[in-house]
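Participant: My structure file final-v2.pdb, PDB, C-alpha atoms, pLDDT in the B column, is below:
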ATOM      1  CA  MET A   1      -9.091 -19.541  10.989  1.00 95.00           C
ATOM      2  CA  LEU A   2      -6.915 -16.647   9.911  1.00 98.00           C
ATOM      3  CA  TYR A   3      -8.643 -13.750   8.168  1.00 98.00           C
ATOM      4  CA  ILE A   4      -6.711 -11.203   6.088  1.00 97.00           C
ATOM      5  CA  VAL A   5      -8.870  -8.099   6.432  1.00 97.00           C
ATOM      6  CA  GLY A   6      -8.670  -4.977   4.283  1.00 96.00           C
ATOM      7  CA  THR A   7      -9.302  -1.721   6.168  1.00 96.00           C
ATOM      8  CA  PRO A   8      -9.784   1.890   4.982  1.00 96.00           C
ATOM      9  CA  ILE A   9      -6.798   3.784   3.578  1.00 95.00           C
ATOM     10  CA  GLY A  10      -8.213   7.036   4.943  1.00 93.00           C
ATOM     11  CA  ASN A  11     -11.976   7.470   5.003  1.00 95.00           C
ATOM     12  CA  LEU A  12     -13.315   5.144   7.720  1.00 95.00           C
ATOM     13  CA  GLY A  13     -16.571   4.825   5.808  1.00 95.00           C
ATOM     14  CA  ASP A  14     -14.837   2.683   3.196  1.00 96.00           C
ATOM     15  CA  ILE A  15     -14.755  -0.443   5.361  1.00 97.00           C
ATOM     16  CA  THR A  16     -16.970  -3.296   4.142  1.00 97.00           C
ATOM     17  CA  GLN A  17     -19.807  -4.849   6.114  1.00 97.00           C
ATOM     18  CA  ARG A  18     -18.108  -8.234   5.923  1.00 98.00           C
ATOM     19  CA  ALA A  19     -14.893  -6.782   7.376  1.00 98.00           C
ATOM     20  CA  LEU A  20     -16.863  -5.361  10.300  1.00 98.00           C
ATOM     21  CA  ASP A  21     -18.611  -8.698  10.848  1.00 98.00           C
ATOM     22  CA  VAL A  22     -15.285 -10.547  10.902  1.00 98.00           C
ATOM     23  CA  LEU A  23     -13.663  -8.052  13.280  1.00 98.00           C
ATOM     24  CA  ARG A  24     -16.612  -8.470  15.653  1.00 98.00           C
ATOM     25  CA  GLU A  25     -16.484 -12.276  15.536  1.00 98.00           C
ATOM     26  CA  VAL A  26     -12.761 -13.062  15.860  1.00 98.00           C
ATOM     27  CA  ASP A  27     -10.993 -13.777  19.139  1.00 98.00           C
ATOM     28  CA  LEU A  28      -7.920 -11.654  18.447  1.00 98.00           C
ATOM     29  CA  ILE A  29      -6.825  -8.936  16.020  1.00 98.00           C
ATOM     30  CA  ALA A  30      -3.185  -8.731  14.922  1.00 97.00           C
ATOM     31  CA  CYS A  31      -2.412  -5.246  13.670  1.00 95.00           C
ATOM     32  CA  GLU A  32       0.418  -3.021  12.545  1.00 93.00           C
ATOM     33  CA  ASP A  33      -0.196  -0.297  15.133  1.00 93.00           C
ATOM     34  CA  THR A  34      -2.626  -0.899  17.999  1.00 95.00           C
ATOM     35  CA  ARG A  35      -3.346   2.827  18.232  1.00 95.00           C
ATOM     36  CA  GLU A  36      -4.401   3.129  14.589  1.00 94.00           C
ATOM     37  CA  THR A  37      -6.524  -0.012  14.664  1.00 96.00           C
ATOM     38  CA  GLY A  38      -7.983   1.121  17.971  1.00 96.00           C
ATOM     39  CA  LYS A  39      -9.357   4.245  16.290  1.00 96.00           C
ATOM     40  CA  LEU A  40     -11.117   2.139  13.665  1.00 97.00           C
ATOM     41  CA  LEU A  41     -12.575  -0.252  16.223  1.00 97.00           C
ATOM     42  CA  ARG A  42     -13.827   2.563  18.454  1.00 97.00           C
ATOM     43  CA  CYS A  43     -15.528   4.182  15.463  1.00 97.00           C
ATOM     44  CA  TYR A  44     -17.643   1.040  15.031  1.00 97.00           C
ATOM     45  CA  GLY A  45     -18.010   0.085  18.695  1.00 98.00           C
ATOM     46  CA  ILE A  46     -15.830  -3.037  18.472  1.00 98.00           C
ATOM     47  CA  GLN A  47     -13.844  -4.247  21.463  1.00 97.00           C
ATOM     48  CA  LYS A  48     -11.309  -7.009  20.841  1.00 97.00           C
ATOM     49  CA  PRO A  49      -7.844  -7.926  22.149  1.00 97.00           C
ATOM     50  CA  LEU A  50      -5.108  -6.421  19.967  1.00 97.00           C
ATOM     51  CA  VAL A  51      -1.542  -7.602  19.412  1.00 96.00           C
ATOM     52  CA  SER A  52       1.029  -5.725  17.330  1.00 94.00           C
ATOM     53  CA  TYR A  53       2.433  -7.428  14.232  1.00 93.00           C
ATOM     54  CA  TYR A  54       4.664  -5.310  12.027  1.00 88.00           C
ATOM     55  CA  ARG A  55       7.987  -5.253  10.223  1.00 84.00           C
ATOM     56  CA  ASP A  56      10.742  -5.704  12.853  1.00 85.00           C
ATOM     57  CA  ASN A  57       8.680  -7.743  15.330  1.00 88.00           C
ATOM     58  CA  GLU A  58       7.012 -10.212  12.944  1.00 84.00           C
ATOM     59  CA  ARG A  59       9.439 -13.060  13.678  1.00 85.00           C
ATOM     60  CA  ARG A  60       8.816 -12.831  17.427  1.00 86.00           C
ATOM     61  CA  ARG A  61       5.065 -12.634  16.969  1.00 91.00           C
ATOM     62  CA  LEU A  62       4.802 -15.660  14.674  1.00 93.00           C
ATOM     63  CA  LYS A  63       5.289 -18.095  17.570  1.00 92.00           C
ATOM     64  CA  PHE A  64       2.623 -16.404  19.710  1.00 94.00           C
ATOM     65  CA  LEU A  65       0.092 -16.133  16.887  1.00 96.00           C
ATOM     66  CA  GLY A  66       0.836 -19.693  15.764  1.00 95.00           C
ATOM     67  CA  GLU A  67       0.080 -20.935  19.272  1.00 96.00           C
ATOM     68  CA  LYS A  68      -3.223 -19.077  19.297  1.00 97.00           C
ATOM     69  CA  LEU A  69      -4.184 -20.573  15.930  1.00 97.00           C
ATOM     70  CA  ALA A  70      -3.238 -24.032  17.227  1.00 96.00           C
ATOM     71  CA  GLU A  71      -5.625 -23.457  20.149  1.00 96.00           C
ATOM     72  CA  GLY A  72      -8.418 -22.922  17.647  1.00 96.00           C
ATOM     73  CA  LYS A  73      -8.565 -19.143  17.995  1.00 97.00           C
ATOM     74  CA  ARG A  74      -9.900 -17.043  15.148  1.00 98.00           C
ATOM     75  CA  ILE A  75      -7.471 -14.263  14.253  1.00 98.00           C
ATOM     76  CA  ALA A  76      -7.938 -11.250  11.978  1.00 98.00           C
ATOM     77  CA  LEU A  77      -4.814  -9.662  10.521  1.00 97.00           C
ATOM     78  CA  VAL A  78      -5.060  -5.997   9.560  1.00 97.00           C
ATOM     79  CA  CYS A  79      -2.576  -3.258   8.725  1.00 93.00           C
ATOM     80  CA  ASP A  80      -2.807   0.477   9.446  1.00 92.00           C
ATOM     81  CA  ARG A  81      -4.302   1.248   6.066  1.00 91.00           C
ATOM     82  CA  GLY A  82      -5.382  -0.911   3.154  1.00 94.00           C
ATOM     83  CA  THR A  83      -4.892  -4.610   2.527  1.00 94.00           C
ATOM     84  CA  PRO A  84      -2.336  -6.658   4.504  1.00 93.00           C
ATOM     85  CA  GLY A  85       0.449  -8.162   2.427  1.00 88.00           C
ATOM     86  CA  ILE A  86       1.029  -5.045   0.310  1.00 86.00           C
ATOM     87  CA  SER A  87       4.410  -3.711   1.494  1.00 80.00           C
ATOM     88  CA  ASP A  88       4.177  -5.365   4.899  1.00 83.00           C
ATOM     89  CA  PRO A  89       5.104  -8.791   6.387  1.00 84.00           C
ATOM     90  CA  ALA A  90       1.620 -10.367   6.286  1.00 91.00           C
ATOM     91  CA  TYR A  91       2.841 -13.185   4.026  1.00 92.00           C
ATOM     92  CA  LEU A  92       4.926 -14.665   6.858  1.00 92.00           C
ATOM     93  CA  LEU A  93       1.871 -15.247   9.025  1.00 95.00           C
ATOM     94  CA  VAL A  94      -0.078 -16.580   6.034  1.00 95.00           C
ATOM     95  CA  ARG A  95       2.706 -19.100   5.336  1.00 94.00           C
ATOM     96  CA  GLU A  96       2.799 -20.119   9.006  1.00 94.00           C
ATOM     97  CA  ALA A  97      -0.953 -20.708   9.023  1.00 96.00           C
ATOM     98  CA  ARG A  98      -0.798 -22.732   5.816  1.00 96.00           C
ATOM     99  CA  LYS A  99       2.041 -24.845   7.257  1.00 95.00           C
ATOM    100  CA  MET A 100      -0.153 -25.589  10.290  1.00 96.00           C
ATOM    101  CA  GLY A 101      -3.115 -26.499   8.098  1.00 97.00           C
ATOM    102  CA  VAL A 102      -5.114 -23.504   9.306  1.00 97.00           C
ATOM    103  CA  PRO A 103      -7.525 -22.073   6.704  1.00 97.00           C
ATOM    104  CA  VAL A 104      -6.734 -18.530   5.522  1.00 97.00           C
ATOM    105  CA  SER A 105      -9.556 -16.390   4.172  1.00 97.00           C
ATOM    106  CA  PRO A 106      -9.252 -12.995   2.427  1.00 97.00           C
ATOM    107  CA  VAL A 107     -11.684 -10.247   3.365  1.00 97.00           C
ATOM    108  CA  PRO A 108     -11.075  -7.837   0.460  1.00 95.00           C
ATOM    109  CA  GLY A 109     -11.046  -4.120   1.010  1.00 94.00           C
ATOM    110  CA  PRO A 110      -9.399  -0.831   0.067  1.00 93.00           C
ATOM    111  CA  SER A 111      -5.889  -0.596  -1.364  1.00 93.00           C
ATOM    112  CA  SER A 112      -3.925   2.552  -2.177  1.00 94.00           C
ATOM    113  CA  LEU A 113      -2.433   0.698  -5.174  1.00 95.00           C
ATOM    114  CA  THR A 114      -5.758   0.045  -6.896  1.00 95.00           C
ATOM    115  CA  ALA A 115      -7.210   3.383  -5.773  1.00 96.00           C
ATOM    116  CA  ALA A 116      -4.314   5.290  -7.352  1.00 97.00           C
ATOM    117  CA  LEU A 117      -4.459   3.285 -10.570  1.00 97.00           C
ATOM    118  CA  SER A 118      -8.199   3.897 -10.884  1.00 97.00           C
ATOM    119  CA  VAL A 119      -7.788   7.697 -10.951  1.00 97.00           C
ATOM    120  CA  SER A 120      -4.412   7.931 -12.703  1.00 97.00           C
ATOM    121  CA  GLY A 121      -5.778   7.827 -16.243  1.00 96.00           C
ATOM    122  CA  LEU A 122      -2.883   5.519 -17.137  1.00 96.00           C
ATOM    123  CA  PRO A 123      -3.003   1.940 -18.470  1.00 94.00           C
ATOM    124  CA  ALA A 124      -3.398  -0.681 -15.745  1.00 94.00           C
ATOM    125  CA  ASP A 125      -3.438  -3.903 -17.746  1.00 93.00           C
ATOM    126  CA  ARG A 126       0.235  -4.537 -16.876  1.00 94.00           C
ATOM    127  CA  VAL A 127       1.509  -3.023 -13.641  1.00 96.00           C
ATOM    128  CA  LEU A 128       4.777  -3.267 -11.743  1.00 96.00           C
ATOM    129  CA  PHE A 129       4.379  -2.400  -8.060  1.00 96.00           C
ATOM    130  CA  LEU A 130       7.577  -1.419  -6.236  1.00 95.00           C
ATOM    131  CA  GLY A 131       6.252  -0.625  -2.774  1.00 93.00           C
ATOM    132  CA  PHE A 132       8.518   1.916  -1.076  1.00 94.00           C
ATOM    133  CA  LEU A 133      11.729   2.651  -2.967  1.00 94.00           C
ATOM    134  CA  PRO A 134      15.066   2.086  -1.163  1.00 94.00           C
ATOM    135  CA  ARG A 135      16.166   4.942   1.072  1.00 92.00           C
ATOM    136  CA  LYS A 136      19.804   4.839  -0.002  1.00 93.00           C
ATOM    137  CA  GLN A 137      20.403   6.887  -3.135  1.00 92.00           C
ATOM    138  CA  GLY A 138      22.549   4.336  -4.951  1.00 94.00           C
ATOM    139  CA  ARG A 139      20.080   1.495  -4.534  1.00 95.00           C
ATOM    140  CA  ARG A 140      17.125   3.750  -5.320  1.00 95.00           C
ATOM    141  CA  ARG A 141      18.638   5.020  -8.537  1.00 95.00           C
ATOM    142  CA  ALA A 142      19.546   1.468  -9.548  1.00 96.00           C
ATOM    143  CA  VAL A 143      15.895   0.439  -9.171  1.00 96.00           C
ATOM    144  CA  LEU A 144      14.681   3.423 -11.179  1.00 96.00           C
ATOM    145  CA  GLU A 145      17.270   2.818 -13.905  1.00 95.00           C
ATOM    146  CA  GLU A 146      16.020  -0.756 -14.204  1.00 94.00           C
ATOM    147  CA  MET A 147      12.425   0.470 -14.447  1.00 94.00           C
ATOM    148  CA  ARG A 148      13.317   2.753 -17.377  1.00 90.00           C
ATOM    149  CA  GLU A 149      13.528  -0.302 -19.636  1.00 86.00           C
ATOM    150  CA  ARG A 150      10.237  -1.833 -18.510  1.00 91.00           C
ATOM    151  CA  THR A 151       7.012  -1.507 -20.490  1.00 92.00           C
ATOM    152  CA  GLU A 152       4.599  -1.791 -17.564  1.00 95.00           C
ATOM    153  CA  THR A 153       2.991   1.056 -15.666  1.00 97.00           C
ATOM    154  CA  VAL A 154       5.155   1.563 -12.567  1.00 97.00           C
ATOM    155  CA  VAL A 155       3.617   2.285  -9.165  1.00 97.00           C
ATOM    156  CA  CYS A 156       5.428   3.096  -5.932  1.00 97.00           C
ATOM    157  CA  LEU A 157       4.650   4.465  -2.497  1.00 96.00           C
ATOM    158  CA  GLU A 158       6.532   7.420  -1.058  1.00 95.00           C
ATOM    159  CA  SER A 159       6.692   9.325   2.194  1.00 93.00           C
ATOM    160  CA  VAL A 160       6.348  13.055   2.700  1.00 93.00           C
ATOM    161  CA  HIS A 161      10.050  13.238   3.548  1.00 92.00           C
ATOM    162  CA  ARG A 162      11.254  11.793   0.226  1.00 94.00           C
ATOM    163  CA  ILE A 163       8.612  12.734  -2.353  1.00 96.00           C
ATOM    164  CA  ARG A 164      10.526  15.724  -3.788  1.00 95.00           C
ATOM    165  CA  ARG A 165      13.762  13.826  -4.133  1.00 95.00           C
ATOM    166  CA  THR A 166      12.076  10.812  -5.697  1.00 96.00           C
ATOM    167  CA  LEU A 167      10.192  12.888  -8.269  1.00 97.00           C
ATOM    168  CA  ALA A 168      13.387  14.765  -9.184  1.00 96.00           C
ATOM    169  CA  GLU A 169      15.236  11.496  -9.767  1.00 97.00           C
ATOM    170  CA  MET A 170      12.327  10.072 -11.746  1.00 96.00           C
ATOM    171  CA  ALA A 171      12.289  13.156 -13.966  1.00 96.00           C
ATOM    172  CA  GLU A 172      15.986  12.690 -14.649  1.00 95.00           C
ATOM    173  CA  ILE A 173      15.691   8.972 -15.390  1.00 95.00           C
ATOM    174  CA  PHE A 174      12.244   8.606 -16.992  1.00 94.00           C
ATOM    175  CA  GLY A 175      12.263  11.820 -19.004  1.00 86.00           C
ATOM    176  CA  GLU A 176       8.869  13.200 -20.007  1.00 88.00           C
ATOM    177  CA  ARG A 177       6.659  10.209 -19.350  1.00 94.00           C
ATOM    178  CA  GLU A 178       3.125  10.822 -18.156  1.00 96.00           C
ATOM    179  CA  ALA A 179       2.525  10.299 -14.464  1.00 97.00           C
ATOM    180  CA  ALA A 180       0.132  10.890 -11.601  1.00 98.00           C
ATOM    181  CA  VAL A 181       0.940  11.752  -8.002  1.00 97.00           C
ATOM    182  CA  CYS A 182      -1.861  10.792  -5.625  1.00 97.00           C
ATOM    183  CA  ARG A 183      -1.853  12.354  -2.164  1.00 96.00           C
ATOM    184  CA  GLU A 184      -4.013  11.530   0.863  1.00 95.00           C
ATOM    185  CA  LEU A 185      -6.394   9.320  -1.128  1.00 96.00           C
ATOM    186  CA  THR A 186      -9.940   9.179   0.339  1.00 96.00           C
ATOM    187  CA  LYS A 187      -9.022  11.748   3.010  1.00 94.00           C
ATOM    188  CA  ARG A 188     -10.132  15.346   3.448  1.00 92.00           C
ATOM    189  CA  PHE A 189      -7.240  16.864   1.480  1.00 92.00           C
ATOM    190  CA  GLU A 190      -7.160  14.285  -1.314  1.00 95.00           C
ATOM    191  CA  GLU A 191      -5.263  15.440  -4.390  1.00 95.00           C
ATOM    192  CA  VAL A 192      -4.415  13.779  -7.694  1.00 97.00           C
ATOM    193  CA  ALA A 193      -1.891  15.695  -9.805  1.00 96.00           C
ATOM    194  CA  HIS A 194      -1.373  14.769 -13.470  1.00 97.00           C
ATOM    195  CA  GLY A 195       1.391  15.723 -15.896  1.00 96.00           C
ATOM    196  CA  THR A 196       4.767  14.589 -17.081  1.00 96.00           C
ATOM    197  CA  VAL A 197       7.226  13.410 -14.478  1.00 96.00           C
ATOM    198  CA  GLY A 198       9.235  16.593 -15.039  1.00 96.00           C
ATOM    199  CA  GLU A 199       6.184  18.838 -14.576  1.00 96.00           C
ATOM    200  CA  LEU A 200       5.210  17.064 -11.382  1.00 97.00           C
ATOM    201  CA  ALA A 201       8.748  17.240 -10.009  1.00 96.00           C
ATOM    202  CA  ALA A 202       8.802  20.990 -10.674  1.00 95.00           C
ATOM    203  CA  ALA A 203       5.376  21.489  -9.092  1.00 94.00           C
ATOM    204  CA  PHE A 204       6.260  19.684  -5.882  1.00 93.00           C
ATOM    205  CA  ALA A 205       9.640  21.424  -5.671  1.00 92.00           C
ATOM    206  CA  THR A 206       7.868  24.732  -5.062  1.00 88.00           C
ATOM    207  CA  LYS A 207       5.427  23.703  -2.345  1.00 84.00           C
ATOM    208  CA  LYS A 208       5.645  21.956   0.985  1.00 85.00           C
ATOM    209  CA  PRO A 209       4.459  18.372   0.569  1.00 86.00           C
ATOM    210  CA  LEU A 210       2.043  16.948   3.114  1.00 90.00           C
ATOM    211  CA  GLY A 211       0.514  13.505   3.566  1.00 91.00           C
ATOM    212  CA  GLU A 212       1.081  10.083   2.054  1.00 92.00           C
ATOM    213  CA  PHE A 213       1.812   9.573  -1.636  1.00 97.00           C
ATOM    214  CA  VAL A 214       1.361   7.031  -4.421  1.00 97.00           C
ATOM    215  CA  ILE A 215       3.250   7.706  -7.664  1.00 98.00           C
ATOM    216  CA  VAL A 216       2.052   6.174 -10.948  1.00 98.00           C
ATOM    217  CA  VAL A 217       4.329   6.410 -14.006  1.00 97.00           C
ATOM    218  CA  ALA A 218       3.157   5.440 -17.493  1.00 96.00           C
ATOM    219  CA  PRO A 219       5.086   3.095 -19.780  1.00 92.00           C
ATOM    220  CA  PRO A 220       7.219   4.660 -22.510  1.00 88.00           C
ATOM    221  CA  CYS A 221       5.280   5.749 -25.614  1.00 79.00           C
ATOM    222  CA  ARG A 222       5.902   4.581 -29.157  1.00 62.00           C
ATOM    223  CA  ARG A 223       7.996   7.098 -31.034  1.00 57.00           C
ATOM    224  CA  GLY A 224       5.896   9.597 -32.923  1.00 49.00           C
ATOM    225  CA  LYS A 225       2.627   8.258 -31.537  1.00 52.00           C
ATOM    226  CA  GLU A 226       1.187  10.292 -28.712  1.00 54.00           C
ATOM    227  CA  ARG A 227      -0.393   8.215 -25.918  1.00 59.00           C
ATOM    228  CA  GLN A 228       0.306   4.943 -27.763  1.00 64.00           C
ATOM    229  CA  TRP A 229       2.087   3.008 -25.040  1.00 62.00           C
ATOM    230  CA  LEU A 230       4.410   0.144 -25.714  1.00 57.00           C
TER     231      LEU A 230
END
Will you turn the file into structure tokens for me?
Facilitator:
Amino acid sequence: MLYIVGTPIGNLGDITQRALDVLREVDLIACEDTRETGKLLRCYGIQKPLVSYYRDNERRRLKFLGEKLAEGKRIALVCDRGTPGISDPAYLLVREARKMGVPVSPVPGPSSLTAALSVSGLPADRVLFLGFLPRKQGRRRAVLEEMRERTETVVCLESVHRIRRTLAEMAEIFGEREAAVCRELTKRFEEVAHGTVGELAAAFATKKPLGEFVIVVAPPCRRGKERQWL
């Protein structure tokens, strides 16, 4: 059995009882960073073998994890924060398990995507999730230009090193659309800033950004109708 286990995005108290039960019962835990997962396991007194599985080593690890599944081992796949498969290579292991005929079971849990949408105050009936935007300016701007024509709410993740630049480019491309910037969700210094993209870009330009960010941008509004999204 392969379990896809959601873990807290910040506050360790957000883990579910079922997730804890699964982590205690499996034979092996595949994780993005053994140090981060180790902190979670120590918090709940769980001792299990850990093996790293992350972008850049996933191809090498597939053979090892496939062999363990073939032996009948129960494996839990987790990422550093949130639900595996959201902006990480979890799908490769899921496909390998399916190919082998090994059952795959989701153990739902926290996600920065749904957490940010829930507090954004923006429509979430149609959402386009971009993950992390490209680092190279040309590719990043091309993605944002394409998003300008879309009528879904757009959500992306961003690092502390690129948040100012990304917001400035969004302000230039999206104009005065409503948006929310969510920082350090569920953690001690949680912050959710609301405003137009331009206002948020200006606000973050004047202060040192800290933490991890989720940006939510509203769809374009109908002309002459405030808050009536397309």
Participant: Distance atom CA of Glu96 of chain A-atom CA of Asp56 of chain A, one decimal place?
Facilitator: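 Interatomic distance, atom CA of Glu96 of chain A to atom CA of Asp56 of chain A: 16.9 Å.
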Participant: Using the chain letters and numbers from the file, give me the residues hit by the PyMOL selection byres ((chain A and resi 91) around 12), as a ChimeraX atom specification.
Facilitator: /A:2,4,53-55,58-59,62,77,83-90,92-98,104
Participant: One decimal, in Å: what's the spacing between atom CA of Arg183 of chain A and atom CA of Gly82 of chain A?
Facilitator: 14.7 Å
Participant: Going by the chain IDs and residue numbers used in this file, which residues fall under the PyMOL selection byres ((chain A and resi 171) around 10)? Write them as a list in words.
Facilitator: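 That expression, the PyMOL selection byres ((chain A and resi 171) around 10), corresponds here to Arg165, Thr166, Leu167, Ala168, Glu169, Met170, Glu172, Ile173, Phe174, Gly175, Glu176, Arg177, Thr196, Val197, Gly198, Glu199, Leu200, Ala201 and Ala202 of chain A.
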Participant: Starting from the displayed file, determine the output of the PyMOL selection byres ((chain A and resi 130) around 10) and express the residue list as number ranges by chain.
Facilitator: A: 86-87, 127-129, 131-134, 143-144, 147, 154-157
Participant: For a quick check of understanding, using all atoms listed in the file, which of A:Gly109, A:Pro49, A:Gly66, A:Pro103 has the smallest distance to Leu20 of chain A?
Facilitator: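 The shortest atom-to-atom distance to Leu20 of chain A comes from A:Gly109.
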Participant: Could you write out as lines of an AutoDock Vina configuration file the box around segment 72-75 of chain A (axis-aligned, all atoms listed in the file, 4 Å on each side), with centre and edge lengths in Å to one decimal?
Facilitator:
center_x = -8.7
center_y = -18.6
center_z = 16.1
size_x = 10.4
size_y = 16.7
size_z = 11.7
Participant: Using all atoms listed in the file, which residue out of A:Leu12, A:Leu40, A:Met1, A:Val22 lies closest to Lys187 of chain A?
Facilitator: A:Leu12
Participant: Please compute the atom CA of Ala218 of chain A-atom CA of Gly121 of chain A distance, one decimal, in Å.
Facilitator: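 If I compute the distance from atom CA of Ala218 of chain A to atom CA of Gly121 of chain A, I get 9.3 Å.
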Participant: Identify which of the residues A:Ala19, A:Leu210, A:Ala142, A:Ala116 lies closest to Val192 of chain A, counting all atoms listed in the file when measuring atom-to-atom distances.
Facilitator: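 Checking each candidate against Val192 of chain A, we get A:Ala116 as the closest.
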Participant: For Thr153 of chain A, work out the shell of residues within 10 Å, counting all atoms listed in the file and skipping chain neighbours fewer than 2 positions away, then give it as a list in words.
Facilitator: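 Once the nearby chain positions are removed, what remains is Leu117, Leu122, Pro123, Ala124, Asp125, Arg126, Val127, Leu128, Phe129, Met147, Arg150, Thr151, Val155, Ala179, Val216, Val217, Ala218, Pro219, Pro220 and Trp229 of chain A.
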Participant: Can you write just those residues out, C-alpha atoms, as a compact mmCIF listing (two decimals), in the coordinates of the input?
Facilitator:
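Result saved to out_30.txt:
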# COMPACT_ATOMS: atom_id res chain seq x y z
CA LEU A 117 -4.46 3.28 -10.57
CA LEU A 122 -2.88 5.52 -17.14
CA PRO A 123 -3.00 1.94 -18.47
CA ALA A 124 -3.40 -0.68 -15.74
CA ASP A 125 -3.44 -3.90 -17.75
CA ARG A 126 0.24 -4.54 -16.88
CA VAL A 127 1.51 -3.02 -13.64
CA LEU A 128 4.78 -3.27 -11.74
CA PHE A 129 4.38 -2.40 -8.06
CA MET A 147 12.42 0.47 -14.45
CA ARG A 150 10.24 -1.83 -18.51
CA THR A 151 7.01 -1.51 -20.49
CA VAL A 155 3.62 2.28 -9.16
CA ALA A 179 2.52 10.30 -14.46
CA VAL A 216 2.05 6.17 -10.95
CA VAL A 217 4.33 6.41 -14.01
CA ALA A 218 3.16 5.44 -17.49
CA PRO A 219 5.09 3.10 -19.78
CA PRO A 220 7.22 4.66 -22.51
CA TRP A 229 2.09 3.01 -25.04
Participant: Using only C-alpha atoms, which of A:Val214, A:Ala115, A:Val160, A:Ala203 sits nearest Cys182 of chain A?
Facilitator: A:Val214
Participant: Using only C-alpha atoms, find the one residue out of A:Ala30, A:Glu67, A:His161, A:Lys207 that sits nearest to Val51 of chain A.
Facilitator: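 For Val51 of chain A, the nearest of the given residues is A:Ala30.
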